[in-house]
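Enquirer: Sending over work_28.txt (compact mmCIF, C-alpha atoms).
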```txt
# COMPACT_ATOMS: atom_id res chain seq x y z
CA ARG N 1 9.80 -0.73 -10.49
CA ILE N 2 6.77 -2.97 -10.96
CA GLY N 3 5.21 -1.60 -7.78
CA GLN N 4 5.67 1.94 -9.03
CA HIS N 5 4.04 1.03 -12.37
CA LEU N 6 1.07 -0.53 -10.58
CA VAL N 7 0.51 2.58 -8.48
CA GLN N 8 1.14 5.14 -11.24
CA GLN N 9 -1.13 3.43 -13.73
CA ARG N 10 -3.71 2.55 -11.06
CA SER N 11 -4.12 -0.87 -12.56
CA PHE N 12 -3.46 -4.39 -11.32
CA TYR N 13 -2.47 -5.22 -14.91
CA PRO N 14 -0.10 -2.38 -15.86
CA LEU N 15 0.89 -3.73 -19.29
CA PHE N 16 -1.35 -2.15 -21.87
CA PRO N 17 -1.55 -3.13 -24.60
CA ALA N 18 -1.05 -6.68 -23.44
CA ALA N 19 1.82 -8.81 -24.75
CA LYS N 20 1.13 -10.78 -27.91
CA GLY N 21 -0.39 -14.16 -27.20
CA THR N 22 -1.87 -13.08 -23.87
CA SER N 23 -5.45 -14.12 -23.37
CA LEU N 24 -7.01 -10.95 -21.96
CA ASP N 25 -10.69 -10.07 -21.66
CA LEU N 26 -10.77 -6.30 -22.21
CA GLY N 27 -14.45 -6.26 -21.31
CA ARG N 28 -13.41 -6.74 -17.68
CA ALA N 29 -10.74 -4.00 -17.69
CA GLN N 30 -12.65 -1.99 -15.05
CA GLU N 31 -12.06 -4.81 -12.57
CA TRP N 32 -8.28 -4.29 -12.81
CA GLU N 33 -8.47 -0.61 -11.91
CA MET N 34 -7.49 0.78 -8.51
CA PRO N 35 -10.17 3.33 -7.57
CA VAL N 36 -7.76 5.08 -5.16
CA GLN N 37 -4.03 5.10 -4.51
CA PRO N 38 -3.38 2.56 -1.74
CA ASP N 39 -1.38 3.34 1.39
CA ILE N 40 0.08 -0.18 1.44
CA LEU N 41 0.15 -2.46 -1.61
CA ILE N 42 1.10 -6.10 -1.10
CA VAL N 43 2.20 -7.84 -4.31
CA PRO N 44 3.60 -11.33 -3.66
CA SER N 45 5.77 -12.71 -6.44
CA LYS N 46 8.72 -14.95 -7.23
CA LEU N 47 10.98 -11.89 -7.50
CA ALA N 48 13.29 -10.91 -4.64
CA SER N 49 11.35 -9.74 -1.59
CA PHE N 50 11.33 -6.00 -0.82
CA ALA N 51 9.48 -3.16 0.86
CA ARG N 52 9.77 0.28 -0.75
CA LYS N 53 8.10 3.65 -0.68
CA VAL N 54 6.85 4.64 -4.16
CA CYS N 55 4.94 7.66 -5.46
CA GLU N 56 5.58 9.49 -2.17
CA THR N 57 2.66 7.97 -0.23
CA THR N 58 2.47 4.24 -1.01
CA ILE N 59 4.48 1.42 0.56
CA VAL N 60 4.83 -1.52 -1.85
CA VAL N 61 5.64 -4.86 -0.20
CA ASN N 62 6.68 -8.05 -1.96
CA PRO N 63 6.90 -10.64 0.81
CA GLY N 64 8.29 -13.23 -1.61
CA GLN N 65 7.32 -16.90 -1.44
CA LEU N 66 6.68 -18.65 1.85
CA THR N 67 8.28 -21.83 0.55
CA LYS N 68 10.79 -22.44 -2.22
CA ASN N 69 10.77 -26.09 -3.29
CA THR N 70 11.84 -27.98 -0.15
CA THR N 71 13.28 -24.99 1.73
CA GLY N 72 11.72 -22.11 3.59
CA GLY N 73 11.13 -18.78 1.94
CA THR N 74 10.24 -15.32 3.21
CA TYR N 75 7.25 -13.49 4.62
CA ALA N 76 6.53 -9.91 5.69
CA VAL N 77 5.55 -8.58 9.10
CA ILE N 78 3.79 -5.23 8.71
CA ASP N 79 3.21 -2.97 11.73
CA VAL N 80 1.13 0.18 11.27
CA HIS N 81 1.42 2.38 14.33
CA PRO N 82 -1.50 4.62 15.32
CA THR N 83 -1.42 8.35 14.78
CA SER N 84 -0.06 10.06 17.90
CA ARG N 85 -2.59 11.79 20.11
CA ASP N 86 -0.43 14.93 20.20
CA LEU N 87 -0.58 15.21 16.42
CA LEU N 88 -4.36 14.77 16.41
CA GLU N 89 -4.73 17.43 19.11
CA THR N 90 -2.47 19.94 17.33
CA LYS N 91 -4.40 19.43 14.09
CA GLY N 92 -7.64 20.03 16.01
CA TYR N 93 -9.20 16.64 15.36
CA VAL N 94 -9.43 15.63 19.03
CA LYS N 95 -10.33 17.76 22.04
CA GLN N 96 -8.29 17.47 25.20
CA GLU N 97 -10.95 15.32 26.90
CA GLY N 98 -10.96 12.87 24.01
CA VAL N 99 -14.12 13.92 22.14
CA ALA N 100 -13.66 14.23 18.41
CA LYS N 101 -14.30 17.75 17.10
CA ASP N 102 -14.23 16.99 13.40
CA THR N 103 -15.67 13.86 11.83
CA THR N 104 -15.57 15.05 8.24
CA GLU N 105 -13.69 13.31 5.48
CA ASP N 106 -10.75 15.70 5.99
CA SER N 107 -10.07 14.33 9.47
CA VAL N 108 -10.02 10.77 8.18
CA ASP N 109 -7.86 11.83 5.25
CA MET N 110 -5.30 13.46 7.55
CA SER N 111 -4.57 10.19 9.35
CA ARG N 112 -4.32 8.28 6.05
CA LYS N 113 -1.72 10.65 4.60
CA GLU N 114 0.84 9.76 7.19
CA VAL N 115 0.65 5.97 7.00
CA GLN N 116 4.00 5.75 5.19
CA ASP N 117 5.62 7.47 8.19
CA ARG N 118 3.93 5.15 10.70
CA VAL N 119 4.56 1.77 9.08
CA ARG N 120 7.37 -0.69 9.67
CA VAL N 121 7.89 -3.66 7.35
CA ASP N 122 10.21 -6.54 8.23
CA ILE N 123 10.94 -9.29 5.72
CA LYS N 124 11.57 -12.51 7.65
CA ARG N 125 13.18 -15.70 6.39
CA ILE N 126 11.91 -19.12 7.42
```
Could you render the structure from this file as structure tokens?

Expert:
Amino acid sequence: RIGQHLVQQRSFYPLFPAAKGTSLDLGRAQEWEMPVQPDILIVPSKLASFARKVCETTIVVNPGQLTKNTTGGTYAVIDVHPTSRDLLETKGYVKQEGVAKDTTEDSVDMSRKEVQDRVRVDIKRI
């Protein structure tokens, strides 16, 4: 749920107002903001490792800790596969001979929208 809160609130510090006793400089609050919704958000923590799709378009990955005291921990291997050429051709972003027809922001945005369908995340244990 923490990943979902981060994405929904578009903040790297999603607890507002802050807990009592927390030393927090509100003058720097703009630095905690996410200007856009990320495709992949990596948030390492001591919590159990996971990879989940949240808010329909964002993959949140907690790779866990690489080491835990004297034993090995976990890490994440993230593979993002390229957009298929067939899809680009059917959407009209690439001509048959390989020359791009459309270089506007829409063509870039189209490939970003499908990252969650083209990513594979494996959590590995050491």

Enquirer: Given all atoms listed in the file as the basis, pick out the residue of N:Ala51, N:Val7, N:Leu24, N:Val60 nearest to Val36 of chain N.

Expert: N:Val7

Enquirer: Here is a test: counting all atoms listed in the file, which residue of N:Ile123, N:Val43, N:Cys55, N:Asp86 is nearest to Gln8 of chain N?

Expert: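 Smallest separation from Gln8 of chain N among the options: N:Cys55.
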
Enquirer: Quick one: residues within 12 Å of His5 of chain N, all atoms listed in the file, excluding same-chain residues fewer than 6 positions away - as an MDAnalysis selection string?

Expert: chainID N and resid 11:16 37 41 54:55 58 60

Enquirer: Grab the atom CA of Val121 of chain N to atom CA of Ile2 of chain N distance for me, in Å with one decimal place.

Expert: 18.4 Å

Enquirer: Measure the distance from atom CA of Arg28 of chain N to atom CA of Arg10 of chain N in Å and round it to one decimal.

Expert: 15.0 Å

Enquirer: Just the residues within 9 Å of Ser49 of chain N, please, counting all atoms listed in the file, with nothing from its chain fewer than 4 positions along; format it as a PyMOL selection string.

Expert: chain N and resi 44-45+61-65+74-76+123

Enquirer: Would you mind reading off the distance between atom CA of Ala48 of chain N and atom CA of Asn69 of chain N, one decimal, in Å?

Expert: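 Computed distance, atom CA of Ala48 of chain N to atom CA of Asn69 of chain N, equals 15.4 Å.
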
Enquirer: As a compact mmCIF listing (two decimals) with C-alpha atoms, in the coordinates of the input, please: the residues near Val115 of chain N (cut-off 9 Å, only C-alpha atoms, same-chain neighbours under 6 positions excluded).

Expert:
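What ended up in out.txt:
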```txt
# COMPACT_ATOMS: atom_id res chain seq x y z
CA ASP N 39 -1.38 3.34 1.39
CA ILE N 40 0.08 -0.18 1.44
CA THR N 57 2.66 7.97 -0.23
CA THR N 58 2.47 4.24 -1.01
CA ILE N 59 4.48 1.42 0.56
CA VAL N 80 1.13 0.18 11.27
CA HIS N 81 1.42 2.38 14.33
CA PRO N 82 -1.50 4.62 15.32
CA THR N 83 -1.42 8.35 14.78
```

Enquirer: From the options N:Arg120, N:Leu6, N:Glu89, N:Gly73, which residue's atoms come nearest to Leu47 of chain N, counting only C-alpha atoms?

Expert: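 Among the listed residues, the smallest separation from Leu47 of chain N belongs to N:Gly73.
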
Enquirer: Using only C-alpha atoms, find the one residue out of N:Gln30, N:Lys20, N:Gly92, N:Lys53 that sits nearest to Gln4 of chain N.

Expert: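 Under the stated criterion, the closest residue is N:Lys53.
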
Enquirer: Using only C-alpha atoms, pick whichever of N:Gly3, N:Ala18, N:Lys68, N:Phe50 has the shortest atom-to-atom distance to Ile126 of chain N.

Expert: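 The answer is N:Lys68, which sits nearest to Ile126 of chain N.
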